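S.K.: Below is the file protein_2.cif, with mmCIF, C-alpha atoms.
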data_upload
#
loop_
_atom_site.label_atom_id
_atom_site.label_comp_id
_atom_site.auth_asym_id
_atom_site.auth_seq_id
_atom_site.Cartn_x
_atom_site.Cartn_y
_atom_site.Cartn_z
CA MET A 1 -25.50 -5.85 12.93
CA VAL A 2 -25.11 -2.65 11.00
CA GLN A 3 -23.88 0.72 12.12
CA GLY A 4 -26.25 2.19 14.69
CA ASP A 5 -27.58 -1.17 15.98
CA PHE A 6 -27.02 -1.77 19.66
CA ARG A 7 -26.78 -4.93 21.69
CA PRO A 8 -28.33 -5.49 25.09
CA GLY A 9 -26.13 -4.02 27.81
CA GLU A 10 -24.37 -1.64 25.44
CA PRO A 11 -24.76 2.11 25.82
CA GLN A 12 -27.35 3.36 23.30
CA VAL A 13 -24.81 5.68 21.76
CA PRO A 14 -23.80 5.91 18.10
CA ASP A 15 -20.23 5.17 17.06
CA GLU A 16 -19.36 8.78 16.38
CA GLU A 17 -20.21 9.84 19.91
CA LEU A 18 -18.11 7.04 21.37
CA VAL A 19 -15.27 8.09 19.08
CA ASP A 20 -15.61 11.69 20.28
CA ARG A 21 -15.48 10.54 23.88
CA ALA A 22 -12.48 8.28 23.21
CA GLN A 23 -10.69 11.12 21.42
CA ALA A 24 -11.34 13.28 24.48
CA GLY A 25 -9.59 10.67 26.63
CA ASP A 26 -12.46 8.41 27.75
CA ILE A 27 -10.82 4.99 27.39
CA LYS A 28 -14.02 3.22 28.43
CA ALA A 29 -15.69 4.61 25.30
CA PHE A 30 -13.10 2.86 23.14
CA ASP A 31 -13.76 -0.37 25.08
CA TRP A 32 -17.40 -0.12 24.03
CA LEU A 33 -16.30 0.18 20.40
CA VAL A 34 -14.12 -2.92 20.84
CA LEU A 35 -17.06 -4.84 22.28
CA ARG A 36 -19.32 -3.62 19.50
CA TYR A 37 -17.06 -4.69 16.63
CA LYS A 38 -15.05 -7.65 17.92
CA ASP A 39 -17.42 -10.34 16.59
CA ARG A 40 -17.85 -8.85 13.14
CA LEU A 41 -14.18 -8.07 12.68
CA TYR A 42 -13.29 -11.54 13.94
CA GLY A 43 -15.59 -12.97 11.26
CA VAL A 44 -14.07 -10.87 8.48
CA ILE A 45 -10.47 -11.68 9.40
CA TYR A 46 -11.21 -15.34 10.08
CA ASN A 47 -12.95 -15.80 6.74
CA MET A 48 -9.97 -14.20 5.00
CA THR A 49 -7.35 -16.34 6.78
CA SER A 50 -9.25 -19.52 7.78
CA ASN A 51 -6.98 -19.66 10.80
CA HIS A 52 -8.09 -18.94 14.36
CA GLU A 53 -4.64 -18.10 15.81
CA ASP A 54 -3.82 -15.67 13.01
CA THR A 55 -7.26 -14.11 13.36
CA ASN A 56 -6.74 -13.54 17.06
CA ASP A 57 -3.40 -11.80 16.43
CA MET A 58 -4.80 -9.68 13.62
CA LEU A 59 -7.82 -8.68 15.68
CA MET A 60 -5.65 -7.53 18.58
CA GLU A 61 -3.41 -5.61 16.19
CA THR A 62 -6.40 -4.01 14.49
CA PHE A 63 -7.89 -2.63 17.69
CA ASP A 64 -4.45 -1.59 18.93
CA LYS A 65 -3.75 0.26 15.69
CA ALA A 66 -7.20 1.88 15.77
CA PHE A 67 -6.63 3.01 19.35
CA ARG A 68 -3.26 4.54 18.49
CA SER A 69 -4.61 6.20 15.33
CA LEU A 70 -7.81 7.51 16.88
CA GLY A 71 -6.30 10.99 17.10
CA THR A 72 -5.87 11.08 13.32
CA TYR A 73 -9.35 9.70 12.54
CA ARG A 74 -11.46 12.27 10.70
CA LYS A 75 -15.18 11.88 10.30
CA ASN A 76 -15.19 11.96 6.51
CA ALA A 77 -15.67 8.17 6.68
CA ALA A 78 -17.88 6.16 9.03
CA PHE A 79 -16.00 4.68 11.97
CA TYR A 80 -16.92 1.15 11.01
CA THR A 81 -15.63 1.44 7.43
CA TRP A 82 -12.46 3.00 8.87
CA ILE A 83 -11.84 0.15 11.33
CA TYR A 84 -12.78 -2.45 8.70
CA ARG A 85 -10.18 -0.92 6.41
CA ILE A 86 -7.52 -1.21 9.11
CA ALA A 87 -8.48 -4.84 9.69
CA LEU A 88 -8.44 -5.71 5.99
CA ASN A 89 -5.15 -3.95 5.31
CA ARG A 90 -3.51 -5.78 8.21
CA THR A 91 -4.98 -9.08 7.09
CA LEU A 92 -3.93 -8.66 3.46
CA ASN A 93 -0.40 -7.69 4.55
CA HIS A 94 -0.28 -10.76 6.78
CA ILE A 95 -1.52 -13.03 3.98
CA ASN A 96 1.05 -11.64 1.55
CA LYS A 97 3.84 -12.11 4.08
CA ASN A 98 2.83 -15.70 4.80
CA LYS A 99 1.98 -16.95 1.32
CA LYS A 100 3.88 -20.19 1.84
CA ARG A 101 1.82 -21.33 4.79
CA SER A 102 -1.43 -19.93 3.50
CA LYS A 103 -2.85 -23.41 3.02
CA ASP A 104 -2.84 -24.04 6.78
CA PHE A 105 -6.36 -24.21 8.15
CA SER A 106 -7.16 -23.78 11.80
CA LEU A 107 -10.93 -23.92 11.64
CA ASN A 108 -13.45 -23.39 14.36
CA ASP A 109 -16.20 -25.93 14.85
CA ILE A 110 -19.56 -25.12 13.34
CA ASP A 111 -22.21 -24.32 15.87
CA LEU A 112 -25.28 -25.38 13.92
CA ASP A 113 -28.55 -23.88 15.08
CA LYS A 114 -32.02 -25.10 14.13
CA SER A 115 -32.83 -22.44 11.55
CA THR A 116 -29.56 -22.91 9.67
CA GLU A 117 -30.01 -26.67 9.78
CA ARG A 118 -33.48 -26.26 8.28
CA ASP A 119 -32.14 -23.92 5.57
CA LEU A 120 -29.42 -26.37 4.63
CA THR A 121 -31.83 -29.28 4.57
CA ASP A 122 -34.19 -27.29 2.34
CA MET A 123 -31.33 -26.53 0.00
CA GLY A 124 -30.55 -30.22 -0.16
CA VAL A 125 -27.14 -29.66 1.38
CA LEU A 126 -27.80 -31.78 4.43
CA ALA A 127 -29.39 -35.20 4.59
CA GLY A 128 -28.68 -38.34 6.59
CA ASP A 129 -25.43 -37.97 8.50
CA LYS A 130 -25.51 -34.20 9.06
CA VAL A 131 -22.26 -33.91 11.01
CA ALA A 132 -20.16 -35.72 8.41
CA GLU A 133 -21.75 -33.79 5.55
CA LEU A 134 -21.32 -30.51 7.32
CA GLY A 135 -17.63 -31.16 7.97
CA GLU A 136 -17.12 -31.95 4.31
CA LEU A 137 -19.04 -28.86 3.25
CA GLN A 138 -17.04 -26.68 5.65
CA LYS A 139 -13.79 -27.97 4.15
CA LYS A 140 -15.03 -27.47 0.60
CA LEU A 141 -16.23 -23.94 1.37
CA ASN A 142 -12.89 -22.96 2.87
CA GLU A 143 -10.95 -24.44 -0.03
CA SER A 144 -13.14 -22.61 -2.54
CA LEU A 145 -12.72 -19.30 -0.72
CA LYS A 146 -8.98 -19.84 -0.49
CA ASN A 147 -8.78 -20.35 -4.24
CA LEU A 148 -10.20 -16.90 -4.85
CA SER A 149 -7.77 -14.01 -5.08
CA ASP A 150 -7.49 -11.86 -1.94
CA LYS A 151 -9.50 -9.04 -3.51
CA HIS A 152 -12.32 -11.30 -4.69
CA ARG A 153 -12.39 -13.12 -1.36
CA ALA A 154 -12.58 -9.83 0.53
CA VAL A 155 -15.66 -8.81 -1.46
CA VAL A 156 -17.36 -12.17 -0.91
CA VAL A 157 -16.60 -12.08 2.81
CA LEU A 158 -17.87 -8.52 3.24
CA TYR A 159 -20.98 -8.89 1.06
CA ASP A 160 -22.13 -12.49 1.36
CA ILE A 161 -21.00 -13.35 4.86
CA ASP A 162 -20.83 -10.03 6.71
CA GLY A 163 -23.80 -8.48 4.90
CA MET A 164 -22.20 -5.15 4.06
CA SER A 165 -23.67 -3.01 1.25
CA HIS A 166 -21.90 -2.47 -2.06
CA ALA A 167 -21.38 1.21 -1.20
CA ASP A 168 -19.79 0.46 2.16
CA ILE A 169 -17.56 -2.22 0.66
CA ALA A 170 -16.42 0.30 -1.95
CA LYS A 171 -15.53 2.77 0.83
CA THR A 172 -13.77 0.10 2.86
CA LEU A 173 -11.72 -1.23 -0.04
CA ASP A 174 -11.22 2.24 -1.54
CA CYS A 175 -12.59 1.33 -4.96
CA SER A 176 -15.74 2.03 -6.99
CA GLU A 177 -19.06 0.26 -6.53
CA GLY A 178 -18.74 -1.01 -10.08
CA THR A 179 -15.48 -2.73 -9.17
CA VAL A 180 -17.17 -4.30 -6.14
CA ARG A 181 -20.04 -5.64 -8.28
CA SER A 182 -17.67 -6.91 -10.93
CA ARG A 183 -15.50 -8.74 -8.40
CA LEU A 184 -18.58 -10.20 -6.77
CA HIS A 185 -19.87 -11.40 -10.11
CA TYR A 186 -16.65 -13.22 -10.99
CA ALA A 187 -16.30 -14.64 -7.49
CA HIS A 188 -19.85 -16.00 -7.62
CA GLN A 189 -19.20 -17.53 -11.01
CA TYR A 190 -16.21 -19.38 -9.59
CA LEU A 191 -18.00 -20.43 -6.40
CA GLN A 192 -20.97 -21.68 -8.40
CA LYS A 193 -18.68 -24.07 -10.27
CA ALA A 194 -16.68 -25.07 -7.19
CA LEU A 195 -19.76 -25.70 -5.06
CA ALA A 196 -22.01 -27.03 -7.82
CA THR A 197 -22.74 -30.25 -5.98
CA TYR A 198 -24.11 -28.33 -3.01
CA ILE A 199 -26.25 -25.87 -4.93
CA LYS A 200 -29.70 -27.18 -5.72
CA LYS A 201 -30.61 -26.59 -9.34
CA MET B 1 -28.35 -16.37 -12.09
CA GLU B 2 -29.93 -14.43 -9.22
CA THR B 3 -31.18 -17.70 -7.75
CA ASN B 4 -27.66 -19.09 -7.85
CA ASP B 5 -26.33 -15.94 -6.17
CA ARG B 6 -28.88 -16.38 -3.42
CA ALA B 7 -27.98 -20.05 -3.07
CA ILE B 8 -24.28 -19.25 -2.80
CA ARG B 9 -25.01 -16.57 -0.25
CA LYS B 10 -27.09 -19.01 1.81
CA LEU B 11 -24.36 -21.61 1.62
CA LEU B 12 -21.78 -19.08 2.75
CA GLN B 13 -23.87 -18.34 5.83
CA ILE B 14 -22.36 -21.52 7.25
CA LYS B 15 -19.13 -19.55 7.61
CA LYS B 16 -20.90 -17.33 10.13
CA LEU B 17 -21.34 -20.35 12.35
CA GLU B 18 -17.61 -21.04 12.52
CA THR B 19 -17.01 -19.18 15.75
CA PRO B 20 -14.49 -19.74 18.53
CA GLY B 21 -17.27 -19.81 21.13
CA THR B 22 -18.67 -17.35 23.61
CA GLU B 23 -15.80 -17.84 26.09
CA TYR B 24 -13.38 -16.36 23.59
CA PHE B 25 -15.46 -13.24 23.02
CA ASP B 26 -16.29 -12.84 26.70
CA ALA B 27 -12.59 -12.79 27.56
CA PHE B 28 -11.59 -10.72 24.53
CA LEU B 29 -11.60 -7.28 26.15
CA ASP B 30 -9.39 -8.43 29.04
CA GLU B 31 -7.04 -10.12 26.57
CA PHE B 32 -6.92 -6.95 24.52
CA HIS B 33 -6.01 -4.86 27.56
CA ARG B 34 -3.26 -7.35 28.39
CA TYR B 35 -2.01 -7.16 24.79
CA GLN B 36 -1.93 -3.36 24.91
CA ARG B 37 0.01 -3.34 28.18
CA SER B 38 2.57 -5.83 26.89
CA SER B 39 3.01 -3.89 23.64
CA LEU B 40 3.68 -0.72 25.66
CA LEU B 41 6.52 -2.47 27.46
CA ARG B 42 8.15 -3.48 24.20
CA SER B 43 9.45 -0.33 22.51
CA PRO B 44 9.85 -0.82 18.77
CA SER B 45 13.27 -0.55 17.15
CA VAL B 46 14.07 2.31 14.80
CA TRP B 47 13.88 -0.09 11.88
CA GLU B 48 10.42 -1.31 12.94
CA THR B 49 9.17 2.25 13.34
CA MET B 50 10.46 3.22 9.89
CA ALA B 51 9.08 0.07 8.28
CA ALA B 52 5.69 0.69 9.90
CA PHE B 53 5.72 4.32 8.74
CA PHE B 54 6.51 3.41 5.14
CA ARG B 55 4.02 0.54 5.14
CA GLU B 56 1.22 2.67 6.52
CA THR B 57 2.07 5.73 4.47
CA PHE B 58 2.84 4.27 1.09
CA PHE B 59 1.14 0.90 0.90
CA ALA B 60 -1.91 1.11 3.09
CA GLU B 61 -4.15 2.98 0.67
CA PRO B 62 -4.02 2.96 -3.13
CA ARG B 63 -4.91 6.69 -3.31
CA ARG B 64 -2.03 7.57 -1.04
CA VAL B 65 0.31 5.51 -3.20
CA LEU B 66 -0.83 7.51 -6.22
CA ALA B 67 -0.45 10.79 -4.37
CA TRP B 68 3.03 9.96 -3.12
CA SER B 69 4.24 8.58 -6.43
CA GLY B 70 2.82 11.66 -8.18
CA SER B 71 4.67 13.93 -5.77
CA PHE B 72 7.90 11.99 -6.21
CA ALA B 73 7.52 12.09 -10.00
CA ALA B 74 6.97 15.87 -9.89
CA VAL B 75 10.03 16.43 -7.66
CA PHE B 76 12.12 14.11 -9.84
CA LEU B 77 11.00 15.92 -13.00
CA PHE B 78 11.80 19.30 -11.45
CA LEU B 79 15.27 18.13 -10.39
CA ALA B 80 15.93 16.56 -13.79
CA LEU B 81 14.93 19.79 -15.55
CA ALA B 82 17.11 21.83 -13.19
CA VAL B 83 20.09 19.56 -13.84
CA LEU B 84 19.51 19.65 -17.61
CA GLN B 85 19.19 23.42 -17.58
CA HIS B 86 22.38 23.70 -15.53
CA GLU B 87 24.18 21.37 -17.92
CA GLY B 88 22.88 23.39 -20.88
CA SER B 89 24.24 26.65 -19.49
CA SER B 90 27.54 24.93 -18.64
CA HIS B 91 27.67 23.63 -22.20
CA ASN B 92 27.09 27.13 -23.54
CA ALA B 93 29.82 28.50 -21.29
CA LEU B 94 32.10 25.69 -22.45
CA MET B 95 31.32 26.45 -26.07
CA THR B 96 32.08 30.13 -25.51
CA ALA B 97 35.31 29.27 -23.72
CA GLN B 98 36.25 26.88 -26.50
CA SER B 99 35.58 29.51 -29.15
CA HIS B 100 37.72 31.94 -27.16
CA VAL B 101 40.48 29.37 -26.94
CA ARG B 102 40.15 28.63 -30.63
CA GLN B 103 40.34 32.34 -31.43
CA SER B 104 43.36 32.80 -29.17
CA SER B 105 45.14 29.81 -30.65
CA ALA B 106 44.38 31.10 -34.13
CA GLU B 107 45.91 34.41 -33.16
CA ALA B 108 48.91 32.62 -31.68
CA ASP B 109 49.24 30.56 -34.86
CA ALA B 110 49.06 33.71 -36.89
CA LEU B 111 51.86 35.18 -34.83
CA SER B 112 54.05 32.09 -34.91
CA SER B 113 53.62 31.30 -38.59
CA PRO B 114 55.71 33.34 -41.02
CA GLN B 115 53.71 36.14 -42.58
CA PRO B 116 54.23 37.07 -46.21
CA ASP B 117 55.44 40.56 -45.36
CA LEU B 118 57.77 39.31 -42.65
CA GLN B 119 61.27 38.38 -43.46
CA MET B 120 63.12 35.49 -41.94
CA VAL B 121 66.51 36.38 -40.56
CA SER B 122 68.99 33.56 -40.71
CA THR B 123 71.58 35.11 -38.42
CA SER B 124 71.34 35.25 -34.68
CA ALA B 125 69.94 38.33 -33.06
CA PHE B 126 73.18 38.79 -31.17
CA GLU B 127 75.16 38.92 -34.36
CA GLN B 128 73.09 41.76 -35.75
CA ASP B 129 73.56 45.36 -34.98
CA PHE B 130 70.60 46.58 -33.05
CA LYS B 131 69.66 49.48 -35.18
CA SER B 132 66.33 48.08 -36.05
CA PRO B 133 64.02 46.49 -33.43
CA ARG B 134 63.94 42.77 -33.43
CA TYR B 135 61.33 40.43 -32.09
CA VAL B 136 62.32 37.04 -30.95
CA THR B 137 59.88 34.20 -30.82
CA GLY B 138 61.47 31.14 -29.30
CA GLN B 139 64.89 30.95 -30.87
CA THR B 140 63.87 32.33 -34.23
CA PRO B 141 64.46 36.00 -34.55
CA LEU B 142 61.85 37.85 -36.52
CA SER B 143 61.88 41.25 -37.95
CA TYR B 144 58.81 43.05 -39.08
CA GLU B 145 60.67 45.68 -40.93
CA THR B 146 64.18 45.48 -42.24
CA ALA B 147 64.96 49.07 -41.71
CA PHE B 148 62.96 50.31 -38.85
CA ALA B 149 64.26 53.18 -36.83
CA PHE B 150 62.91 55.10 -33.92
#
Could you show the structure in this file as C-alpha cells?
M.R.:
Amino acid sequence: MVQGDFRPGEPQVPDEELVDRAQAGDIKAFDWLVLRYKDRLYGVIYNMTSNHEDTNDMLMETFDKAFRSLGTYRKNAAFYTWIYRIALNRTLNHINKNKKRSKDFSLNDIDLDKSTERDLTDMGVLAGDKVAELGELQKKLNESLKNLSDKHRAVVVLYDIDGMSHADIAKTLDCSEGTVRSRLHYAHQYLQKALATYIKK
Amino acid sequence: METNDRAIRKLLQIKKLETPGTEYFDAFLDEFHRYQRSSLLRSPSVWETMAAFFRETFFAEPRRVLAWSGSFAAVFLFLALAVLQHEGSSHNALMTAQSHVRQSSAEADALSSPQPDLQMVSTSAFEQDFKSPRYVTGQTPLSYETAFAF
C-alpha cells in the first residue's frame, strides 16, 4: 500500500484530509490513520527489531507520539514519511538502549500463501520438506539482517520489504537519495554473500 | 548484479509473511486506546519530561543537531570574544595603572634618594636653629638650601 491507497471499509479520504480533521479535534479521523498504517509500521519496526513484544511497544509509542505531536505537524512532508520517521527514530533509540539483548528473537510464524510458495520453489529455495526449510531460511534471513548496521538495515527494510521509493526513504531518514542507494548497494552485497546458498545463480 | 538484487528482494518478501495474525491487528485500535488512557493516568516525572525534550530536540533529527550545535557554537564564540575583549581592556587598564605606579614610585625614589644639589645634615633638626626651612623625610632631615630665608 502506498500513500493514497485505500482499503475496503476505510473512508476514501487522503491522509492530509484526515490529518486536518484530527488537528481540528476529530479523534475518529486519527483512528482511521492508525488503522491505515498499523500493518506497515508494524512490519517496519518488526523487521528492525525481530521481536514481537518490542514491536508492539514501539508501535503503541509511535502512534501515541504522533497523536501528541499532531499539532506541530506541518505539511512540508507527507504524513506517512513523518510517521515513519517517528517510528524509525523510536526504534533506533530502543535498539541503541538495548544493545546487549539485541540478539533476542521473538519471531512470528510465517503464514505462507500459495503465490509465495510458488515463488520460493521457482527460486529453488524450497523443495521437499518445505516447513523445515522455511524455518531455517527465516532464521538465516533474520540473522543476516541483524548483522547489518542499523542504517543499512533500515534502508533494506524500507526498500526491499516495505516497497518504499528511494526518494521517500531519503525523506524519512533525512539523507540524500545517493546515500540511500549507496547503503542499499552495500547491504545487498552483504546479503548476497550471507544468503548465497538460497540465491539461485 | 540486478538479477541478484531482484533475487534478494524476492527472498526478503518472506519477511512480509512474518505477521502476528489478524487477531492482533483487529484488536490493535482498542489496545491503542487502552494504552493512551493508561499513559494519561501516569504523569511523567520532571526528569522524564526533560529527557524526552532533549532527546526529541537534539537527537531526533540530524539537521536539528547541526542547527543546535551551530547555535551553541555561535553563542560560545560570542561569549568567548566578549570575555577576551573584557580581559584585554582590563589588561590595558592594568598596564596603565602599573605605569602610573611605576612613575609614582620613581618620583618617590627620586625624592627619597639624595640629590646631588641636596646636602645631608648630620645633626638633628631639633638641634638646628630654624632660620632656614627644613624638610624631614623619615628621621633624616634634609635641606634643599643651606641658607634659605623667607
S.K.: How many Å separate atom CA of Ile83 of chain A from atom CA of Phe67 of chain A?
M.R.: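 Distance reported for this atom pair: 10.0 Å.
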S.K.: Would you work out the distance separating atom CA of His33 of chain B from atom CA of Ala66 of chain A, expressed in Å to one decimal?
M.R.: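 Computing it gives 13.6 Å between the two atoms.
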S.K.: Excluding same-chain residues fewer than 3 positions from Lys15 of chain B, what lies within 9 Å of it counting all atoms listed in the file, as number ranges by chain?
M.R.: A: 43, 47, 110, 138, 141-142, 161; B: 11-12, 18-19
S.K.: How many Å separate atom CA of Leu158 of chain A from atom CA of Phe25 of chain B?
M.R.: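 Computing the Euclidean distance for atom CA of Leu158 of chain A and atom CA of Phe25 of chain B yields 20.5 Å.
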S.K.: I need the residue nearest chain B from this list: A:Glu61, A:Asp160, A:Glu143, A:Glu133. Use all atoms listed in the file for the distance.
M.R.: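 Residue with the minimum atom-to-atom distance to chain B: A:Asp160.
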S.K.: Please report as a PyMOL selection string which residues of chain B come no farther than 12 Å from chain A, using all atoms listed in the file.
M.R.: chain B and resi 1-22+24-40+52+55-56+59-64
S.K.: Mind telling me what the PyMOL selection byres ((chain A and resi 181) around 10) catches here, as a list in words?
M.R.: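 Evaluating the PyMOL selection byres ((chain A and resi 181) around 10) on these coordinates yields Val155, Tyr159, His166, Ala167, Ile169, Ala170, Ser176, Glu177, Gly178, Thr179, Val180, Ser182, Arg183, Leu184, His185, Tyr186 and Ala187 of chain A.
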S.K.: Restricting the calculation to all atoms listed in the file: of A:Ile45, A:Val19, A:Val13, A:Ala87, which residue gets closest to Tyr73 of chain A?
M.R.: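 Using all atoms listed in the file, the shortest distance to Tyr73 of chain A belongs to A:Val19.
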